[in-house]
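Source file: start-v7.txt. Holds: compact mmCIF, C-alpha atoms.
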# COMPACT_ATOMS: atom_id res chain seq x y z
CA MET A 1 -71.09 75.71 -10.45
CA LYS A 2 -69.73 73.53 -13.25
CA ALA A 3 -70.86 73.91 -16.85
CA TRP A 4 -69.74 72.75 -20.28
CA GLN A 5 -69.24 75.44 -22.90
CA VAL A 6 -68.16 75.50 -26.52
CA VAL A 7 -65.42 78.08 -26.07
CA ARG A 8 -62.47 77.98 -28.46
CA ASP A 9 -64.09 76.91 -31.74
CA TRP A 10 -67.05 74.97 -33.05
CA SER A 11 -65.90 71.42 -32.39
CA ILE A 12 -65.96 68.74 -29.72
CA GLU A 13 -62.34 69.65 -28.98
CA GLY A 14 -63.41 73.29 -28.55
CA MET A 15 -65.47 72.45 -25.45
CA GLU A 16 -64.30 73.24 -21.92
CA LEU A 17 -65.59 72.40 -18.45
CA VAL A 18 -65.78 75.79 -16.70
CA ASP A 19 -66.75 77.34 -13.37
CA LEU A 20 -69.60 79.85 -13.49
CA PRO A 21 -71.44 81.79 -10.77
CA GLU A 22 -74.55 79.94 -9.57
CA PRO A 23 -77.63 81.88 -10.73
CA ALA A 24 -80.64 82.79 -8.59
CA PRO A 25 -84.24 83.05 -9.86
CA GLY A 26 -86.01 86.38 -10.19
CA PRO A 27 -89.77 87.05 -10.25
CA GLY A 28 -91.59 84.42 -12.32
CA GLN A 29 -88.48 82.24 -12.59
CA VAL A 30 -87.29 78.93 -11.15
CA ALA A 31 -83.87 77.47 -10.49
CA VAL A 32 -83.47 73.81 -11.47
CA ARG A 33 -80.61 71.71 -10.14
CA MET A 34 -79.89 69.51 -13.13
CA ARG A 35 -79.35 65.80 -12.51
CA THR A 36 -79.06 64.40 -16.02
CA ALA A 37 -78.89 65.40 -19.68
CA SER A 38 -79.37 63.43 -22.89
CA LEU A 39 -77.89 63.82 -26.35
CA ASN A 40 -79.57 64.47 -29.66
CA TYR A 41 -78.01 64.57 -33.11
CA ARG A 42 -78.92 68.25 -33.17
CA ASP A 43 -76.57 68.78 -30.19
CA LEU A 44 -73.67 67.26 -32.12
CA LEU A 45 -74.41 69.51 -35.12
CA THR A 46 -74.58 72.57 -32.86
CA VAL A 47 -71.25 71.80 -31.17
CA GLN A 48 -69.74 71.40 -34.64
CA GLY A 49 -71.06 74.81 -35.74
CA LYS A 50 -73.78 73.40 -38.01
CA GLY A 51 -76.76 74.34 -35.87
CA GLY A 52 -77.29 77.91 -36.98
CA VAL A 53 -75.72 79.43 -33.85
CA SER A 54 -72.92 81.95 -34.34
CA ARG A 55 -71.99 83.23 -30.88
CA LEU A 56 -69.45 81.77 -28.49
CA PRO A 57 -69.32 80.70 -25.74
CA LEU A 58 -72.40 78.47 -25.74
CA ILE A 59 -73.66 76.01 -23.13
CA PRO A 60 -74.95 73.20 -25.37
CA PHE A 61 -77.60 70.43 -25.16
CA SER A 62 -81.36 70.88 -24.96
CA ASP A 63 -82.56 67.89 -22.96
CA GLY A 64 -82.30 67.22 -19.25
CA ALA A 65 -84.08 66.63 -15.97
CA GLY A 66 -83.63 67.82 -12.42
CA GLU A 67 -85.40 69.20 -9.40
CA VAL A 68 -86.57 72.70 -8.57
CA SER A 69 -84.12 74.14 -6.04
CA ALA A 70 -85.56 77.67 -5.69
CA ILE A 71 -88.49 79.72 -6.99
CA GLY A 72 -88.93 83.42 -7.58
CA GLU A 73 -91.76 85.68 -6.54
CA GLY A 74 -95.13 84.85 -8.06
CA VAL A 75 -94.35 81.27 -9.11
CA GLY A 76 -97.18 78.79 -8.59
CA ARG A 77 -96.78 76.17 -11.33
CA VAL A 78 -94.02 74.31 -9.48
CA ALA A 79 -92.59 74.12 -5.96
CA VAL A 80 -89.16 73.50 -4.51
CA GLY A 81 -88.38 69.79 -4.75
CA ASP A 82 -90.54 69.13 -7.83
CA ARG A 83 -88.98 66.88 -10.49
CA VAL A 84 -89.06 68.67 -13.83
CA SER A 85 -87.63 68.92 -17.32
CA PRO A 86 -87.02 72.19 -19.16
CA ILE A 87 -89.03 72.28 -22.39
CA PHE A 88 -87.08 72.54 -25.65
CA PHE A 89 -88.76 75.64 -27.07
CA GLN A 90 -89.03 77.99 -24.12
CA SER A 91 -91.28 80.29 -26.18
CA TRP A 92 -93.79 77.64 -27.40
CA ILE A 93 -96.33 76.82 -24.72
CA ASP A 94 -99.35 75.96 -26.88
CA GLY A 95 -100.90 76.72 -30.24
CA LYS A 96 -99.66 76.34 -33.78
CA VAL A 97 -96.00 76.56 -34.70
CA SER A 98 -94.71 79.98 -35.72
CA ALA A 99 -91.42 81.81 -36.04
CA SER A 100 -91.95 83.45 -32.66
CA SER A 101 -92.88 80.19 -30.91
CA ARG A 102 -89.61 78.60 -32.05
CA ARG A 103 -87.46 81.62 -31.20
CA TYR A 104 -86.03 80.45 -27.86
CA ALA A 105 -84.49 76.98 -28.11
CA LEU A 106 -82.30 75.55 -25.37
CA GLY A 107 -78.75 74.76 -26.41
CA GLY A 108 -79.09 77.16 -29.34
CA THR A 109 -80.61 80.60 -29.05
CA ARG A 110 -80.69 80.04 -25.27
CA PRO A 111 -78.06 78.44 -23.01
CA GLY A 112 -78.48 74.69 -22.76
CA VAL A 113 -78.76 72.18 -19.94
CA LEU A 114 -75.07 71.29 -19.42
CA GLN A 115 -74.91 73.42 -16.27
CA GLU A 116 -75.44 72.31 -12.71
CA VAL A 117 -78.09 74.96 -12.00
CA MET A 118 -80.38 76.53 -14.63
CA VAL A 119 -82.62 79.55 -14.17
CA LEU A 120 -85.68 79.41 -16.40
CA ASP A 121 -89.06 81.04 -16.75
CA ALA A 122 -91.51 79.04 -14.63
CA GLU A 123 -93.64 78.52 -17.75
CA GLY A 124 -90.67 76.77 -19.39
CA VAL A 125 -90.56 73.65 -17.21
CA SER A 126 -92.89 70.65 -16.87
CA HIS A 127 -93.27 67.85 -14.36
CA ILE A 128 -91.85 64.45 -15.30
CA PRO A 129 -93.57 61.06 -14.83
CA ALA A 130 -93.26 59.74 -11.29
CA HIS A 131 -92.12 56.25 -12.36
CA LEU A 132 -89.17 57.52 -14.41
CA SER A 133 -85.65 58.10 -13.13
CA PHE A 134 -83.93 61.39 -13.91
CA GLN A 135 -81.88 59.51 -16.53
CA GLU A 136 -85.02 58.27 -18.28
CA ALA A 137 -86.86 61.60 -18.03
CA ALA A 138 -83.93 63.46 -19.58
CA THR A 139 -84.62 61.69 -22.90
CA LEU A 140 -88.10 63.18 -23.33
CA PRO A 141 -87.95 66.91 -24.25
CA CYS A 142 -86.59 66.56 -27.80
CA ALA A 143 -86.47 62.96 -29.04
CA GLY A 144 -89.53 61.77 -27.18
CA LEU A 145 -91.62 64.84 -27.99
CA THR A 146 -90.58 64.87 -31.65
CA ALA A 147 -91.76 61.28 -32.07
CA TRP A 148 -94.97 62.01 -30.16
CA ARG A 149 -95.83 65.07 -32.23
CA ALA A 150 -95.02 63.24 -35.47
CA LEU A 151 -97.32 60.32 -34.76
CA PHE A 152 -100.20 61.87 -32.84
CA GLU A 153 -100.29 65.60 -33.60
CA GLU A 154 -99.39 65.38 -37.30
CA ALA A 155 -100.00 61.86 -38.61
CA LYS A 156 -102.96 61.03 -36.31
CA VAL A 157 -101.87 57.38 -36.06
CA GLN A 158 -104.75 54.95 -35.48
CA PRO A 159 -104.87 51.29 -34.39
CA GLY A 160 -104.08 49.07 -37.36
CA ASP A 161 -101.94 51.66 -39.16
CA THR A 162 -98.44 50.79 -40.32
CA VAL A 163 -95.48 52.95 -39.30
CA LEU A 164 -91.94 52.69 -40.70
CA VAL A 165 -89.07 53.99 -38.55
CA GLN A 166 -85.52 54.38 -39.82
CA GLY A 167 -82.67 53.16 -37.65
CA THR A 168 -82.54 52.73 -33.89
CA GLY A 169 -81.62 56.18 -32.59
CA GLY A 170 -83.60 58.14 -30.04
CA VAL A 171 -86.50 59.45 -32.16
CA SER A 172 -86.92 56.15 -34.01
CA ILE A 173 -87.06 54.03 -30.86
CA PHE A 174 -89.54 56.41 -29.26
CA ALA A 175 -91.64 56.25 -32.43
CA LEU A 176 -91.56 52.44 -32.26
CA GLN A 177 -92.70 52.47 -28.62
CA PHE A 178 -95.42 55.09 -29.13
CA ALA A 179 -96.75 53.43 -32.27
CA LYS A 180 -97.10 50.12 -30.45
CA LEU A 181 -98.98 51.84 -27.61
CA ALA A 182 -101.41 53.11 -30.27
CA GLY A 183 -101.96 49.63 -31.73
CA ALA A 184 -100.03 50.21 -34.96
CA SER A 185 -97.76 47.77 -36.79
CA VAL A 186 -94.14 48.92 -37.02
CA ILE A 187 -91.37 48.28 -39.54
CA VAL A 188 -87.81 49.06 -38.41
CA THR A 189 -84.78 49.43 -40.68
CA SER A 190 -81.14 49.15 -39.64
CA SER A 191 -77.80 47.96 -40.98
CA SER A 192 -77.29 45.83 -37.84
CA ASP A 193 -79.06 42.49 -37.40
CA GLU A 194 -78.28 42.70 -33.67
CA LYS A 195 -80.11 46.03 -33.38
CA LEU A 196 -83.01 44.66 -35.39
CA GLU A 197 -83.35 41.80 -32.92
CA ARG A 198 -83.47 44.33 -30.09
CA ALA A 199 -86.14 46.25 -31.99
CA LYS A 200 -88.20 43.05 -32.25
CA ALA A 201 -87.95 42.67 -28.48
CA LEU A 202 -89.52 46.14 -28.19
CA GLY A 203 -92.41 45.09 -30.41
CA ALA A 204 -91.30 45.66 -34.01
CA ASP A 205 -93.53 43.63 -36.33
CA HIS A 206 -91.13 43.53 -39.28
CA THR A 207 -87.47 44.43 -39.74
CA ILE A 208 -85.33 45.14 -42.80
CA ASN A 209 -81.53 45.24 -42.96
CA TYR A 210 -81.01 48.01 -45.48
CA ARG A 211 -77.50 46.83 -46.36
CA ALA A 212 -78.80 43.38 -47.26
CA VAL A 213 -81.91 44.89 -48.92
CA PRO A 214 -80.85 48.19 -50.57
CA ASP A 215 -84.32 48.66 -52.08
CA TRP A 216 -85.88 48.58 -48.63
CA GLY A 217 -88.63 51.03 -49.53
CA LYS A 218 -90.08 48.60 -52.04
CA ALA A 219 -89.66 45.73 -49.56
CA ALA A 220 -91.59 47.66 -46.90
CA ALA A 221 -94.39 48.47 -49.33
CA GLU A 222 -94.63 44.81 -50.37
CA TRP A 223 -94.76 43.64 -46.74
CA THR A 224 -97.75 45.91 -46.07
CA GLY A 225 -99.51 44.86 -49.26
CA GLY A 226 -99.80 48.34 -50.68
CA GLY A 227 -97.53 50.75 -48.83
CA VAL A 228 -96.81 52.16 -45.41
CA ASP A 229 -99.28 54.59 -43.83
CA HIS A 230 -96.65 56.71 -42.05
CA VAL A 231 -92.88 56.96 -42.54
CA VAL A 232 -90.75 58.55 -39.81
CA GLU A 233 -87.99 60.01 -41.99
CA VAL A 234 -84.81 60.74 -40.03
CA GLY A 235 -82.13 59.94 -42.60
CA GLY A 236 -82.37 62.81 -45.06
CA LYS A 237 -80.36 62.67 -48.27
CA ASP A 238 -79.78 58.91 -48.46
CA THR A 239 -83.21 57.75 -47.33
CA PHE A 240 -85.87 60.12 -48.64
CA GLY A 241 -86.15 58.42 -52.02
CA GLN A 242 -86.77 55.08 -50.32
CA SER A 243 -89.37 56.70 -48.07
CA LEU A 244 -91.26 57.84 -51.17
CA GLU A 245 -91.15 54.26 -52.44
CA ALA A 246 -92.36 52.82 -49.12
CA ALA A 247 -95.34 55.13 -48.60
CA ARG A 248 -98.81 54.14 -49.72
CA VAL A 249 -101.05 56.32 -51.85
CA GLY A 250 -102.28 59.06 -49.52
CA GLY A 251 -99.59 58.20 -46.97
CA THR A 252 -97.60 60.53 -44.75
CA ILE A 253 -93.85 61.13 -44.61
CA LEU A 254 -92.77 62.87 -41.41
CA VAL A 255 -89.46 64.61 -42.09
CA ILE A 256 -87.50 64.94 -38.86
CA GLY A 257 -83.78 64.34 -39.36
CA VAL A 258 -80.80 64.76 -41.65
CA LEU A 259 -78.48 62.01 -40.44
CA SER A 260 -77.08 61.30 -43.91
CA GLY A 261 -77.06 64.84 -45.27
CA PHE A 262 -79.16 67.86 -46.12
CA SER A 263 -79.70 67.91 -49.89
CA GLN A 264 -81.61 65.46 -52.06
CA GLN A 265 -83.37 65.58 -55.40
CA ILE A 266 -87.03 64.77 -54.91
CA ALA A 267 -88.98 62.69 -57.41
CA ILE A 268 -91.86 65.17 -57.64
CA PRO A 269 -94.08 62.79 -59.69
CA SER A 270 -94.08 60.42 -56.72
CA LEU A 271 -95.46 63.17 -54.52
CA PHE A 272 -98.45 64.04 -56.65
CA SER A 273 -99.10 60.61 -58.16
CA LYS A 274 -99.31 59.10 -54.67
CA ASN A 275 -101.00 62.18 -53.18
CA LEU A 276 -98.45 62.09 -50.34
CA HIS A 277 -98.44 64.31 -47.28
CA VAL A 278 -94.87 65.41 -46.49
CA ILE A 279 -94.62 67.17 -43.13
CA GLY A 280 -91.48 68.72 -41.71
CA LEU A 281 -91.40 69.11 -37.95
CA SER A 282 -89.09 69.86 -35.06
CA VAL A 283 -89.98 68.99 -31.46
CA GLY A 284 -93.24 70.46 -30.09
CA ASN A 285 -94.84 72.67 -27.46
CA ARG A 286 -95.44 72.31 -23.73
CA ARG A 287 -99.02 71.14 -24.13
CA MET A 288 -97.81 68.29 -26.36
CA PHE A 289 -95.06 67.46 -23.87
CA GLU A 290 -97.56 67.16 -21.05
CA ALA A 291 -99.91 65.00 -23.15
CA MET A 292 -96.94 62.74 -23.91
CA THR A 293 -95.80 62.45 -20.28
CA ALA A 294 -99.38 61.67 -19.21
CA ALA A 295 -99.51 58.79 -21.73
CA ILE A 296 -96.07 57.55 -20.64
CA GLY A 297 -97.25 57.59 -17.03
CA ARG A 298 -100.53 55.77 -17.75
CA ASN A 299 -98.72 53.02 -19.66
CA ALA A 300 -95.64 52.85 -17.37
CA MET A 301 -93.52 53.16 -20.51
CA LYS A 302 -89.74 53.28 -20.09
CA PRO A 303 -87.43 55.11 -22.50
CA VAL A 304 -84.54 53.06 -23.88
CA ILE A 305 -81.08 54.18 -22.73
CA ASP A 306 -77.97 52.89 -24.47
CA ARG A 307 -75.16 54.30 -22.31
CA VAL A 308 -74.69 56.70 -19.40
CA PHE A 309 -71.59 58.93 -19.24
CA ASP A 310 -70.23 60.91 -16.30
CA PHE A 311 -70.50 64.68 -16.53
CA ASP A 312 -66.78 65.09 -17.17
CA ALA A 313 -67.01 62.70 -20.15
CA VAL A 314 -69.37 64.77 -22.33
CA PRO A 315 -66.87 64.83 -25.27
CA GLU A 316 -66.80 61.02 -25.23
CA ALA A 317 -70.60 60.92 -25.27
CA LEU A 318 -70.62 63.20 -28.32
CA ARG A 319 -68.13 60.96 -30.10
CA LEU A 320 -70.40 57.96 -29.54
CA MET A 321 -73.25 59.97 -31.08
CA GLN A 322 -70.94 60.82 -33.99
CA GLN A 323 -70.15 57.13 -34.55
CA GLY A 324 -73.83 56.23 -34.60
CA GLY A 325 -73.32 53.01 -32.69
CA HIS A 326 -76.01 53.57 -30.06
CA PHE A 327 -79.46 51.99 -29.63
CA GLY A 328 -81.88 54.44 -28.06
CA LYS A 329 -80.56 57.36 -26.04
CA ILE A 330 -77.16 58.49 -24.71
CA VAL A 331 -77.36 60.09 -21.26
CA VAL A 332 -75.01 62.22 -19.13
CA GLU A 333 -75.13 61.95 -15.32
CA PHE A 334 -74.35 65.12 -13.35
CA PRO A 335 -72.13 65.01 -10.23

Write-out of the structure in structure tokens:
Amino acid sequence: MKAWQVVRDWSIEGMELVDLPEPAPGPGQVAVRMRTASLNYRDLLTVQGKGGVSRLPLIPFSDGAGEVSAIGEGVGRVAVGDRVSPIFFQSWIDGKVSASSRRYALGGTRPGVLQEVMVLDAEGVSHIPAHLSFQEAATLPCAGLTAWRALFEEAKVQPGDTVLVQGTGGVSIFALQFAKLAGASVIVTSSSDEKLERAKALGADHTINYRAVPDWGKAAAEWTGGGVDHVVEVGGKDTFGQSLEAARVGGTILVIGVLSGFSQQIAIPSLFSKNLHVIGLSVGNRRMFEAMTAAIGRNAMKPVIDRVFDFDAVPEALRLMQQGGHFGKIVVEFP
């Protein structure tokens, strides 16, 4: 079978398309013939050697969808032919987050989805919504679930709340869509007026071009008449200060990404004077994933896909992620 590996060094150029033996499932395992994969910023960092992984070779990428092609002895959760996605944290089925629950992450501490056939523990896959294509379903395990957990498991978003999302990448667009399903008002920031118009078409109630309005945190707070209830913080170093400005007293900042860098001085007086809740999070567990897919199915929601690349063009897909020119998700189609 074909698989992509980071082989020579930690870089996009260090990746190779290789031939590997096709694996077979053992007791309690399933084989999944992968049909699609999707990219996350975390995948780019991992390929570049910034994801905390030290061993080579590595099959990268965490998110994909396919169909069960074989099952091992004792498997009853799924059957051959079922459409499934592997869950991001193979060791986190339910319960609170812990070091052990986050131990086995696809495309990191475990081989990722860029292989034509994956063997996984049967507990580590979940069914995908019937109305979604494999391309659409491949976007859910990381970006979709991260946005879902942020809004509904952590922030407890309610109808009438205001949510600010930064940019128009995968997590932010999912957060926009989920927040609208919940009856919230959504503010979207971007440096592109064209992308902001597309966000309005998805339901954004207010948009801010952060290049035209550098003090966008204050502008967001003024638009709400007192501050934003929940800020989905994906930018990191260059955006966190503005998130503090945007949030209302008693508001929540959900720290998810580091698109602009890792380190930032925090205005601690803003934290205690506003009584802010700052929550760091990464993806979620299988129970959360299945709650999310149930909601997506009930509402016939469709993930937003920017571009689809052929399997042999994975390096080009990563370079598009690196450029940051996408709106929604970047997807890879398997042969």

Nearest candidate to A:Val119 (options A:Leu176, A:Ala70, A:Ala31, A:Ala220; using only C-alpha atoms):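 Selected residue with least distance to A:Val119: A:Ala31.
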
Nearby residues, (-94.5, 58.6, -27.2) file frame, 12 Å, all atoms listed in the file, as JSON, numbers by chain: {"A": [139, 140, 141, 142, 143, 144, 145, 146, 147, 148, 149, 150, 151, 152, 153, 157, 170, 171, 172, 173, 174, 175, 176, 177, 178, 179, 180, 181, 182, 288, 289, 290, 291, 292, 293, 294, 295, 296, 297, 298, 299, 300, 301, 302, 303, 304]}

Dump as a Markdown table the rows for residues of stretch 102-138 of chain A within 9 Å of stretch 73-85 of chain A: closest atom pair and distance in Å with one decimal, all atoms listed in the file counted, ordered by chain and rising residue number.
| residue | atom | partner | partner_atom | distance |
| --- | --- | --- | --- | --- |
| A:Ala122 | CA | A:Val75 | CA | 6.6 |
| A:Glu123 | CA | A:Arg77 | CA | 7.5 |
| A:Gly124 | CA | A:Ser85 | CA | 8.7 |
| A:Val125 | CA | A:Ser85 | CA | 5.6 |
| A:Ser126 | CA | A:Val84 | CA | 5.3 |
| A:His127 | CA | A:Val84 | CA | 4.3 |
| A:Ile128 | CA | A:Val84 | CA | 5.3 |
| A:Pro129 | CA | A:Arg83 | CA | 8.6 |
| A:Ala130 | CA | A:Arg83 | CA | 8.4 |
| A:Phe134 | CA | A:Arg83 | CA | 8.2 |
| A:Ala137 | CA | A:Ser85 | CA | 7.4 |
| A:Ala138 | CA | A:Ser85 | CA | 7.0 |

For A:Gln135, the nearest of the candidates A:Phe309, A:Trp10, A:Tyr210, A:Phe327, counting all atoms listed in the file: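 Of A:Phe309, A:Trp10, A:Tyr210, A:Phe327, the one nearest A:Gln135 is A:Phe309, counting all atoms listed in the file.
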
Nearest to A:Gly169: which of A:Ala3, A:Ala199, A:Leu106, A:Ile253 is it, counting only C-alpha atoms?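 For A:Gly169, the nearest of the candidates is A:Ala199.
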
Residues near A:Gly226, anyone? I mean within 12 Å using all atoms listed in the file, not counting same-chain ones fewer than 3 positions away, as a count of residues only. 17

Using the incomplete input, complete stretch 76-105 of chain A to the level of N, CA and C atoms; output as a short mmCIF file (atom, residue, chain, number, x, y, z; two decimals), in the frame of the given file.
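rebuild-v3.cif, written as the output of this step:
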data_model
loop_
_atom_site.label_atom_id
_atom_site.label_comp_id
_atom_site.auth_asym_id
_atom_site.auth_seq_id
_atom_site.Cartn_x
_atom_site.Cartn_y
_atom_site.Cartn_z
N GLY A 76 -96.25 79.75 -9.16
CA GLY A 76 -97.18 78.79 -8.59
C GLY A 76 -97.27 77.47 -9.33
N ARG A 77 -96.68 77.41 -10.52
CA ARG A 77 -96.78 76.17 -11.33
C ARG A 77 -96.01 75.03 -10.71
N VAL A 78 -94.88 75.33 -10.07
CA VAL A 78 -94.02 74.31 -9.48
C VAL A 78 -93.58 74.78 -8.10
N ALA A 79 -93.07 73.81 -7.31
CA ALA A 79 -92.59 74.12 -5.96
C ALA A 79 -91.20 73.54 -5.79
N VAL A 80 -90.49 74.03 -4.80
CA VAL A 80 -89.16 73.50 -4.51
C VAL A 80 -89.26 72.00 -4.25
N GLY A 81 -88.37 71.24 -4.87
CA GLY A 81 -88.38 69.79 -4.75
C GLY A 81 -89.07 69.06 -5.88
N ASP A 82 -89.87 69.78 -6.69
CA ASP A 82 -90.54 69.13 -7.83
C ASP A 82 -89.52 68.62 -8.84
N ARG A 83 -89.81 67.47 -9.43
CA ARG A 83 -88.98 66.88 -10.49
C ARG A 83 -89.50 67.39 -11.83
N VAL A 84 -88.63 68.02 -12.60
CA VAL A 84 -89.06 68.67 -13.83
C VAL A 84 -88.04 68.49 -14.95
N SER A 85 -88.50 68.75 -16.16
CA SER A 85 -87.63 68.92 -17.32
C SER A 85 -87.88 70.29 -17.93
N PRO A 86 -86.82 70.99 -18.34
CA PRO A 86 -87.02 72.19 -19.16
C PRO A 86 -87.59 71.79 -20.51
N ILE A 87 -88.51 72.58 -21.06
CA ILE A 87 -89.03 72.28 -22.39
C ILE A 87 -88.07 72.84 -23.44
N PHE A 88 -88.04 72.20 -24.59
CA PHE A 88 -87.08 72.54 -25.65
C PHE A 88 -87.26 73.97 -26.12
N PHE A 89 -88.47 74.28 -26.61
CA PHE A 89 -88.76 75.64 -27.07
C PHE A 89 -89.37 76.41 -25.91
N GLN A 90 -88.57 77.25 -25.28
CA GLN A 90 -89.03 77.99 -24.12
C GLN A 90 -90.14 78.99 -24.47
N SER A 91 -90.29 79.30 -25.75
CA SER A 91 -91.28 80.29 -26.18
C SER A 91 -92.52 79.65 -26.79
N TRP A 92 -92.64 78.31 -26.77
CA TRP A 92 -93.79 77.64 -27.40
C TRP A 92 -94.54 76.84 -26.34
N ILE A 93 -95.55 77.46 -25.77
CA ILE A 93 -96.33 76.82 -24.72
C ILE A 93 -97.50 76.04 -25.30
N ASP A 94 -98.19 76.61 -26.26
CA ASP A 94 -99.35 75.96 -26.88
C ASP A 94 -99.57 76.62 -28.24
N GLY A 95 -100.55 76.12 -28.96
CA GLY A 95 -100.90 76.72 -30.24
C GLY A 95 -100.07 76.21 -31.39
N LYS A 96 -100.34 76.77 -32.58
CA LYS A 96 -99.66 76.34 -33.78
C LYS A 96 -98.21 76.85 -33.81
N VAL A 97 -97.40 76.16 -34.56
CA VAL A 97 -96.00 76.56 -34.70
C VAL A 97 -95.91 77.88 -35.46
N SER A 98 -94.96 78.70 -35.06
CA SER A 98 -94.71 79.98 -35.72
C SER A 98 -93.25 80.35 -35.51
N ALA A 99 -92.81 81.37 -36.22
CA ALA A 99 -91.42 81.81 -36.04
C ALA A 99 -91.17 82.27 -34.61
N SER A 100 -92.14 82.95 -34.02
CA SER A 100 -91.95 83.45 -32.66
C SER A 100 -91.98 82.31 -31.64
N SER A 101 -92.79 81.29 -31.88
CA SER A 101 -92.88 80.19 -30.91
C SER A 101 -91.60 79.36 -30.89
N ARG A 102 -90.85 79.38 -31.98
CA ARG A 102 -89.61 78.60 -32.05
C ARG A 102 -88.37 79.45 -31.79
N ARG A 103 -88.56 80.67 -31.30
CA ARG A 103 -87.46 81.62 -31.20
C ARG A 103 -86.44 81.23 -30.13
N TYR A 104 -86.92 80.70 -29.01
CA TYR A 104 -86.03 80.45 -27.86
C TYR A 104 -85.87 78.95 -27.67
N ALA A 105 -84.78 78.41 -28.19
CA ALA A 105 -84.49 76.98 -28.11
C ALA A 105 -83.27 76.74 -27.23
#
